[in-house]
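*Asks:* Below is the structure I would like to discuss, written out as structure tokens.
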4 protein chains.
Amino acid sequence: MSQLLYLSPGKREQTKAANRLAILDAAREVFGELGFEAATVRDIIRRTGLSVGAFYNYYRSKEEVFDALADDGARRFRPILHALSARASDFESYLRAAVRAYFDFLAGEQESWMVRASAGQPLPHARNTPEILAVFEEVRTVFADVMDRGLAPKVDLDYLAASCIAVAREIGDKMMEREGADVDAAAEFVVRLILGGVSALPRTRP
Amino acid sequence: MSQLLYLSPGKREQTKAANRLAILDAAREVFGELGFEAATVRDIIRRTGLSVGAFYNYYRSKEEVFDALADDGARRFRPILHALSARASDFESYLRAAVRAYFDFLAGEQESWMVRASAGQPLPHARNTPEILAVFEEVRTVFADVMDRGLAPKVDLDYLAASCIAVAREIGDKMMEREGADVDAAAEFVVRLILGGVSALPRTRP
Amino acid sequence: MSQLLYLSPGKREQTKAANRLAILDAAREVFGELGFEAATVRDIIRRTGLSVGAFYNYYRSKEEVFDALADDGARRFRPILHALSARASDFESYLRAAVRAYFDFLAGEQESWMVRASAGQPLPHARNTPEILAVFEEVRTVFADVMDRGLAPKVDLDYLAASCIAVAREIGDKMMEREGADVDAAAEFVVRLILGGVSALPRTRP
Amino acid sequence: MSQLLYLSPGKREQTKAANRLAILDAAREVFGELGFEAATVRDIIRRTGLSVGAFYNYYRSKEEVFDALADDGARRFRPILHALSARASDFESYLRAAVRAYFDFLAGEQESWMVRASAGQPLPHARNTPEILAVFEEVRTVFADVMDRGLAPKVDLDYLAASCIAVAREIGDKMMEREGADVDAAAEFVVRLILGGVSALPRTRP
DNA sequence: AATGAATGAGTGTTCATTCAT
DNA sequence: CATGAATGAACACTCATTCAT
């Protein structure tokens, strides 16, 4: 009655991985465009050509893809940041490199976002890609390290990290919204603001 | 007209106003905790002890409370900001006052938020109270004005405003999360960071 | 605290009757335009300037006004029909008079209907004014009487009455829908159809 | 593509078709008994044993089933009527055949109706199955054709068609309400009434 | 009596998730 | 493993009806 088409085990694994990735990519787009709540599982699988059922073969819930996205983002951005921090000889050059890396990451990540933004759609009610969230965590860690190594003055770490991330993120978004995003100018803006700010900040007592 | 007038409109109006406010407050909390999409009308009215129907007696839709919230926030914060900007003689004193005002506003606004934050609930998927959004708009306007009056160097207005708001917001949140929020220290941090940063920023060609 | 405006008892009764009638009239319009289900109590009282509460002072439910409407219609049409049947000397003249009376009644009743019909609105999903229903019952009774008095051949009473009513109603509606309703022509059509039909009908065995 | 094909599509398609039909049947009943507005989607699916969700798997809205019902009715009755009109050599035989066909259609359609009618339920507030509406349109068309071919005298087409339909429908209903419906007698009644009536009708000037 | 805010069951519809095929 | 129909809890919103004033 029912006929099975067998694939070589290698091929099988390959398709599995491909499907997993396809779902992840689709989810990234959809969550970016619609936000977590508004996005539906069907929105996601529609872009993959798979079936609803298949989705649940790879991820146990909508929430799980969301989280997987975070892991994925972090996994891909962390090495970049670490390499930079290892190579860094002073705070300024590290910061500049990190901001650039972040903006590039952003630009690569958010091709979908640009479509929406330039289409002037009525901004969705929710945002905050899980990837970005993960990156936040990463940045904070690296920042602590940089400070430990004496490359930056000891100021309120939590506040500074939060500020840097906030500014980078905000300017990043603003940059993306402008016609013909000028990554260099935006990065320069962020770096100078932070650098100037840090030098004026009250030192923490060790 | 056959009309009996029961003249205790005071009490009636009173409860009406109270209910309207109760719904607004509850909505502020719920939207803050859950985001617009995830928040349900029932979530809101549950905190007021009213009925579903009552909600729709006061607001025509979920969207309308959301907007009312924005109006409310803007209406209450705008005058404060305007007064400050009128009184300001230099950028530093204006900025310090504005940040303080914002933090106080935040502290008043978000008693509910603290409950949630300390309860360690499983991070909500969306945030961004409409009130905050309205304040954003206001701040940007005032900033432009301050710059026009020559109280601050002419730098990329959009980027600067966005940065200030982002930093203030982020530090504000972080401050609220800490035990025994030190408003003074937080404000000082923000002011110095911005001020130091601005002085290092590239001037825009007029 | 609460102040009562007293009216003379006469006036009081007058307003009560007026309100009762106002509700009835409004209900006639609304049911005609929207149908029973789609019509809301608020639709009705909105046209009277009264309050929701007042509605329930006069009628216990939406259904009750609907029924009251039927009673009202019957009460007003019955005497007309009876007078005609008393005066009638032969079936043809009775029928002609009755159809005319019905069409006039219809025309008077349904000024509201015409508005809707001519506005080409997308026909509502339900109709059947209770008034019409009551008239149906009345007509059947009179018909039986006419037949008993030997003014019409004895045919299947139920079927004949039903047929006459159906035709009169249908042609009445169609007539109302046409530009510049020609009551005479429509009545003549109905009368001749029925009369010609009756003469061809199989007699019932007494 | 990694694809397993379970080849028992017959059963799947079978249940799907059955469900689609079940919903249609249930909708016919419910709309007939309650009218479009009063009928709820839940009323419909309750009779199928399916879930609310299933309903929306087959029809996109309550309105869509309603329309589907019309299509269905027209689709099934049109061929019958057309065949008759093609075969007809004179008006009388055509009319008789058409009335019979209509009554048979009615009888087949409305098994559910009988249950309700005999149960003496508190008369529904609205009726008019979309199927019936569709049939109306069909009949009018065929009638025009018959008249064009000279099989019937040229009288006010609109009025005649409306009358015939009204009579047939009314007598059909009445017939169904009687114990042991006598289709022959009812049809004969209608045919004679119409035929006799038509011969007495005023001719329209061509 | 008149008023209009309060109530809550009920409506159409969506969507995450399950499960027979 | 893939599929997509089935499920039902949940949602935003409506409305007949009640009741404190």
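Starting from 1 in every chain, residues are counted up; chains themselves are A, B, ... following the order of the structure tokens, and ligands are numbered from 1 as listed.
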When you get a sec, could you note down which chain C residues fall within 8 Å of chain E, using only C-alpha atoms (C1' of nucleotides), as a list in words?
*Replies:*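 Close enough to count are Ser51, Val52, Gly53, Ala54 and Asn57 of chain C.
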*Asks:* With only C-alpha atoms (C1' of nucleotides) as the counted atoms, please give the residues lying no more than 9 Å from D:Ser163, apart from itself and same-chain residues fewer than 2 positions off, as a count of residues only.
*Replies:* 17
*Asks:* Have a look at atom CA of D:Asn19 and atom CA of D:Ala74 and let me know their distance in Å, one decimal.
*Replies:* 20.7 Å
*Asks:* Counting only C-alpha atoms (C1' of nucleotides), which residues from chain F have an atom at most 10 Å from any atom of chain A, and could you show them as a list in words?
*Replies:*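 Filtering chain F at 10 Å from chain A with only C-alpha atoms (C1' of nucleotides) gives DC1, DA2, DT3 and DG4 of chain F.
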*Asks:* Quote the C-alpha RMSD, in Å to one decimal, that results from superposing chain B on chain A by least squares across all C-alpha atoms in order.
*Replies:* 2.6 Å
*Asks:* Using only C-alpha atoms (C1' of nucleotides), determine which residues lie at most 12 Å from D:Arg75, disregarding the query and same-chain residues fewer than 4 positions distant; provide the list as a PyMOL selection string.
*Replies:* chain D and resi 68-71+79-82+131-132+134-135+138
*Asks:* How far is it from atom CA of C:Ala101 to atom CA of D:Ala186, in Å with one decimal?
*Replies:*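 Atom CA of D:Ala186 lies 28.8 Å from atom CA of C:Ala101.
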*Asks:* Using only C-alpha atoms (C1' of nucleotides), which residues sit within 9 Å of D:Ser61 once same-chain residues fewer than 4 positions away are excluded, as a PyMOL selection string?
*Replies:* (chain D and resi 41+55-56+65-66) or (chain E and resi 12-13)
*Asks:* Given the selection you just returned, output its residues as a file containing N, CA and C atoms (P, O5', C5', C4', C3', O3' and C1' of nucleotides), formatted as a PDB file, in the first residue's frame.
*Replies:*
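To be explicit, this is the file written out as selection_8.pdb:
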ATOM      1  N   VAL D  41     -21.647  28.954  13.568  1.00  0.00           N
ATOM      2  CA  VAL D  41     -20.741  27.932  13.056  1.00  0.00           C
ATOM      3  C   VAL D  41     -20.756  26.721  13.979  1.00  0.00           C
ATOM      4  N   PHE D  55     -14.132  22.982  10.514  1.00  0.00           N
ATOM      5  CA  PHE D  55     -15.019  23.802   9.684  1.00  0.00           C
ATOM      6  C   PHE D  55     -14.203  24.741   8.819  1.00  0.00           C
ATOM      7  N   TYR D  56     -13.257  25.404   9.460  1.00  0.00           N
ATOM      8  CA  TYR D  56     -12.468  26.400   8.746  1.00  0.00           C
ATOM      9  C   TYR D  56     -11.409  25.766   7.851  1.00  0.00           C
ATOM     10  N   VAL D  65     -19.830  28.954   3.313  1.00  0.00           N
ATOM     11  CA  VAL D  65     -20.716  27.776   3.246  1.00  0.00           C
ATOM     12  C   VAL D  65     -22.052  28.185   2.696  1.00  0.00           C
ATOM     13  N   PHE D  66     -22.495  29.333   3.118  1.00  0.00           N
ATOM     14  CA  PHE D  66     -23.786  29.831   2.651  1.00  0.00           C
ATOM     15  C   PHE D  66     -23.782  29.913   1.130  1.00  0.00           C
TER      16      PHE D  66
ATOM     17  P    DG E  12     -21.165  32.488  14.544  1.00  0.00           P
ATOM     18  O5'  DG E  12     -19.855  33.169  13.978  1.00  0.00           O
ATOM     19  C5'  DG E  12     -19.948  34.472  13.418  1.00  0.00           C
ATOM     20  C4'  DG E  12     -18.560  34.982  13.093  1.00  0.00           C
ATOM     21  C3'  DG E  12     -17.776  34.064  12.157  1.00  0.00           C
ATOM     22  O3'  DG E  12     -17.012  34.875  11.282  1.00  0.00           O
ATOM     23  C1'  DG E  12     -16.630  34.261  14.216  1.00  0.00           C
ATOM     24  P    DT E  13     -16.154  34.103  10.131  1.00  0.00           P
ATOM     25  O5'  DT E  13     -14.766  33.905  10.888  1.00  0.00           O
ATOM     26  C5'  DT E  13     -14.093  35.087  11.333  1.00  0.00           C
ATOM     27  C4'  DT E  13     -12.841  34.707  12.079  1.00  0.00           C
ATOM     28  C3'  DT E  13     -11.922  33.724  11.327  1.00  0.00           C
ATOM     29  O3'  DT E  13     -10.707  34.404  11.051  1.00  0.00           O
ATOM     30  C1'  DT E  13     -12.108  33.183  13.629  1.00  0.00           C
TER      31       DT E  13
END
*Asks:* Using DSSP secondary structure from the backbone, list all alpha helix (DSSP H) positions within stretch 33-206 of chain D, as number ranges by chain.
*Replies:* D: 33-34, 41-46, 52-58, 62-87, 91-109, 111-118, 130-148, 157-177, 183-200
*Asks:* What is the atom CA of C:Arg47-atom CA of D:Gly35 distance in Å, reported with one decimal?
*Replies:*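 Computed distance, atom CA of C:Arg47 to atom CA of D:Gly35, equals 25.9 Å.
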